[in-house]
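**Student:** Here it is: the structure, laid out below.
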Amino acid sequence: LPSEQISYYEDYPYADKPEALQRELEALPNAQAMQVVLSEDEIDARINAIACYPSQLFALFQQAETMPARVRAYIERACGERYWKLVE
């Protein structure tokens, strides 16, 4: 695919490591950021999708019960979801 057809997105909970995100963005100097505000239904869908992987919940969140609140808190801090496209 041509680079202008590729979008990168932050994958939570991995994107909740600011130093890792910054390092990746520095490797993409021509990245143009886009912000997407998520509706309550979209946030609920995200939480439900994450919950479909119970074997990973402990490794990612230590306690499955904390996952919904942590996801919501991250989305609030990030003001939605962020994407990047490479521009020439």
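Every chain in the structure tokens has a letter given in the order shown (A, B, ...), and although residue numbers restart at 1 in each chain, ligands are simply numbered from 1 in the order shown.
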Just the residues within 10 Å of Glu4 (chain A), please, counting only C-alpha atoms, with nothing from its chain fewer than 6 positions along; format it as a list of chain:residue names.
**Tutor:**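 Contacts, in chain order: A:Lys85, A:Leu86, A:Val87, A:Glu88.
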**Student:** Determine which residues of region 3-69 of chain A receive a DSSP assignment of alpha helix (DSSP H), computed from the backbone, and state them as an MDAnalysis selection string.
**Tutor:** chainID A and resid 18:26 40:51 54:61 67:69
**Student:** With N, CA and C atoms retained, write the just-selected residues as an mmCIF file, in the first residue's frame.
**Tutor:**
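Result went into selection.cif, see below:
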data_model
loop_
_atom_site.group_PDB
_atom_site.id
_atom_site.type_symbol
_atom_site.label_atom_id
_atom_site.label_comp_id
_atom_site.auth_asym_id
_atom_site.auth_seq_id
_atom_site.Cartn_x
_atom_site.Cartn_y
_atom_site.Cartn_z
ATOM 1 N N PRO A 18 3.452 6.916 27.805
ATOM 2 C CA PRO A 18 3.812 8.110 27.026
ATOM 3 C C PRO A 18 5.195 8.046 26.400
ATOM 4 N N GLU A 19 6.174 7.487 27.103
ATOM 5 C CA GLU A 19 7.526 7.436 26.537
ATOM 6 C C GLU A 19 7.583 6.522 25.317
ATOM 7 N N ALA A 20 6.842 5.428 25.323
ATOM 8 C CA ALA A 20 6.817 4.531 24.173
ATOM 9 C C ALA A 20 6.118 5.193 22.988
ATOM 10 N N LEU A 21 5.014 5.879 23.269
ATOM 11 C CA LEU A 21 4.292 6.576 22.203
ATOM 12 C C LEU A 21 5.170 7.655 21.589
ATOM 13 N N GLN A 22 5.849 8.430 22.417
ATOM 14 C CA GLN A 22 6.737 9.486 21.924
ATOM 15 C C GLN A 22 7.860 8.913 21.063
ATOM 16 N N ARG A 23 8.434 7.809 21.490
ATOM 17 C CA ARG A 23 9.512 7.165 20.734
ATOM 18 C C ARG A 23 9.020 6.738 19.344
ATOM 19 N N GLU A 24 7.819 6.176 19.288
ATOM 20 C CA GLU A 24 7.269 5.749 18.004
ATOM 21 C C GLU A 24 6.971 6.944 17.105
ATOM 22 N N LEU A 25 6.445 8.017 17.691
ATOM 23 C CA LEU A 25 6.148 9.204 16.886
ATOM 24 C C LEU A 25 7.414 9.857 16.356
ATOM 25 N N GLU A 26 8.482 9.815 17.126
ATOM 26 C CA GLU A 26 9.758 10.362 16.652
ATOM 27 C C GLU A 26 10.291 9.564 15.466
ATOM 28 N N GLU A 40 -20.433 7.748 23.495
ATOM 29 C CA GLU A 40 -20.595 6.818 24.620
ATOM 30 C C GLU A 40 -20.797 5.394 24.110
ATOM 31 N N ASP A 41 -21.551 5.227 23.017
ATOM 32 C CA ASP A 41 -21.753 3.896 22.435
ATOM 33 C C ASP A 41 -20.432 3.307 21.923
ATOM 34 N N GLU A 42 -19.596 4.150 21.328
ATOM 35 C CA GLU A 42 -18.299 3.671 20.831
ATOM 36 C C GLU A 42 -17.374 3.278 21.989
ATOM 37 N N ILE A 43 -17.423 4.036 23.064
ATOM 38 C CA ILE A 43 -16.608 3.684 24.239
ATOM 39 C C ILE A 43 -17.101 2.370 24.831
ATOM 40 N N ASP A 44 -18.415 2.209 24.942
ATOM 41 C CA ASP A 44 -18.974 0.951 25.446
ATOM 42 C C ASP A 44 -18.581 -0.218 24.545
ATOM 43 N N ALA A 45 -18.613 -0.011 23.241
ATOM 44 C CA ALA A 45 -18.213 -1.068 22.304
ATOM 45 C C ALA A 45 -16.746 -1.431 22.488
ATOM 46 N N ARG A 46 -15.902 -0.439 22.713
ATOM 47 C CA ARG A 46 -14.476 -0.683 22.948
ATOM 48 C C ARG A 46 -14.287 -1.539 24.206
ATOM 49 N N ILE A 47 -14.966 -1.154 25.271
ATOM 50 C CA ILE A 47 -14.868 -1.897 26.532
ATOM 51 C C ILE A 47 -15.368 -3.327 26.349
ATOM 52 N N ASN A 48 -16.490 -3.493 25.667
ATOM 53 C CA ASN A 48 -17.025 -4.834 25.418
ATOM 54 C C ASN A 48 -16.085 -5.676 24.567
ATOM 55 N N ALA A 49 -15.430 -5.050 23.596
ATOM 56 C CA ALA A 49 -14.480 -5.791 22.753
ATOM 57 C C ALA A 49 -13.277 -6.247 23.576
ATOM 58 N N ILE A 50 -12.756 -5.378 24.425
ATOM 59 C CA ILE A 50 -11.621 -5.750 25.274
ATOM 60 C C ILE A 50 -12.021 -6.899 26.197
ATOM 61 N N ALA A 51 -13.241 -6.858 26.719
ATOM 62 C CA ALA A 51 -13.723 -7.894 27.638
ATOM 63 C C ALA A 51 -13.844 -9.257 26.963
ATOM 64 N N PRO A 54 -10.750 -12.480 27.929
ATOM 65 C CA PRO A 54 -10.538 -12.600 29.378
ATOM 66 C C PRO A 54 -9.150 -13.107 29.761
ATOM 67 N N SER A 55 -8.530 -13.890 28.901
ATOM 68 C CA SER A 55 -7.199 -14.410 29.238
ATOM 69 C C SER A 55 -6.146 -13.305 29.258
ATOM 70 N N GLN A 56 -6.422 -12.174 28.636
ATOM 71 C CA GLN A 56 -5.458 -11.078 28.605
ATOM 72 C C GLN A 56 -5.742 -9.990 29.642
ATOM 73 N N LEU A 57 -6.918 -10.023 30.237
ATOM 74 C CA LEU A 57 -7.303 -8.949 31.143
ATOM 75 C C LEU A 57 -6.363 -8.818 32.330
ATOM 76 N N PHE A 58 -5.973 -9.936 32.941
ATOM 77 C CA PHE A 58 -5.086 -9.837 34.100
ATOM 78 C C PHE A 58 -3.731 -9.283 33.687
ATOM 79 N N ALA A 59 -3.186 -9.770 32.582
ATOM 80 C CA ALA A 59 -1.865 -9.304 32.137
ATOM 81 C C ALA A 59 -1.879 -7.807 31.816
ATOM 82 N N LEU A 60 -2.967 -7.323 31.286
ATOM 83 C CA LEU A 60 -3.040 -5.917 30.887
ATOM 84 C C LEU A 60 -3.532 -4.986 31.989
ATOM 85 N N PHE A 61 -4.419 -5.478 32.838
ATOM 86 C CA PHE A 61 -5.069 -4.603 33.813
ATOM 87 C C PHE A 61 -4.910 -5.060 35.262
ATOM 88 N N MET A 67 -10.758 -2.619 34.404
ATOM 89 C CA MET A 67 -10.605 -2.315 32.983
ATOM 90 C C MET A 67 -11.550 -1.231 32.472
ATOM 91 N N PRO A 68 -12.875 -1.312 32.698
ATOM 92 C CA PRO A 68 -13.755 -0.267 32.138
ATOM 93 C C PRO A 68 -13.383 1.139 32.593
ATOM 94 N N ALA A 69 -13.107 1.314 33.871
ATOM 95 C CA ALA A 69 -12.761 2.653 34.371
ATOM 96 C C ALA A 69 -11.436 3.127 33.801
#
**Student:** Can you work out which one of A:Leu1, A:Val37, A:Ala64, A:Ala27 has the shortest atom-to-atom distance to Ala78 (chain A), counting only C-alpha atoms?
**Tutor:** A:Val37
**Student:** Would you give me, as a PyMOL selection string, the residues in chain A that DSSP reads as strand (DSSP E or B)?
**Tutor:** chain A and resi 7-9+31-36+81-86
**Student:** Dump N, CA and C atoms for the selected residues as a compact mmCIF listing (two decimals), in the first residue's frame?
**Tutor:**
# COMPACT_ATOMS: atom_id res chain seq x y z
N SER A 7 -2.99 4.25 8.00
CA SER A 7 -3.22 5.03 9.22
C SER A 7 -2.69 4.23 10.40
N TYR A 8 -2.11 4.92 11.34
CA TYR A 8 -1.64 4.32 12.59
C TYR A 8 -2.57 4.79 13.69
N TYR A 9 -2.80 3.93 14.66
CA TYR A 9 -3.63 4.34 15.78
C TYR A 9 -2.98 3.89 17.07
N ALA A 31 4.41 12.28 10.30
CA ALA A 31 3.09 11.84 10.73
C ALA A 31 2.20 13.04 11.04
N GLN A 32 1.01 13.02 10.48
CA GLN A 32 0.01 14.05 10.74
C GLN A 32 -1.05 13.45 11.67
N ALA A 33 -1.28 14.10 12.81
CA ALA A 33 -2.21 13.59 13.82
C ALA A 33 -3.65 13.93 13.48
N MET A 34 -4.55 13.02 13.84
CA MET A 34 -5.98 13.24 13.72
C MET A 34 -6.62 12.80 15.03
N GLN A 35 -7.55 13.57 15.51
CA GLN A 35 -8.25 13.28 16.76
C GLN A 35 -9.68 12.89 16.44
N VAL A 36 -10.16 11.79 17.03
CA VAL A 36 -11.54 11.35 16.84
C VAL A 36 -12.21 11.29 18.20
N GLU A 81 -9.73 9.33 20.54
CA GLU A 81 -8.78 8.38 19.97
C GLU A 81 -7.92 9.11 18.95
N ARG A 82 -6.65 8.78 18.93
CA ARG A 82 -5.73 9.48 18.02
C ARG A 82 -5.25 8.54 16.92
N TYR A 83 -5.17 9.10 15.74
CA TYR A 83 -4.67 8.40 14.55
C TYR A 83 -3.58 9.25 13.92
N TRP A 84 -2.71 8.61 13.16
CA TRP A 84 -1.68 9.33 12.43
C TRP A 84 -1.60 8.79 11.02
N LYS A 85 -1.39 9.70 10.08
CA LYS A 85 -1.14 9.35 8.67
C LYS A 85 0.21 9.93 8.29
N LEU A 86 0.90 9.24 7.43
CA LEU A 86 2.16 9.76 6.92
C LEU A 86 1.86 10.71 5.78
**Student:** Between CA of Thr66 (chain A) and CA of Tyr12 (chain A), what is the distance, to one decimal in Å?
**Tutor:**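 A separation of 14.0 Å between them.
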**Student:** Please compute the CA of Tyr53 (chain A)-CA of Ile6 (chain A) distance, one decimal, in Å.
**Tutor:** 26.4 Å
**Student:** Go ahead and compute the interatomic distance for CA of Leu28 (chain A) and CA of Glu10 (chain A), in Å to one decimal.
**Tutor:** 13.6 Å
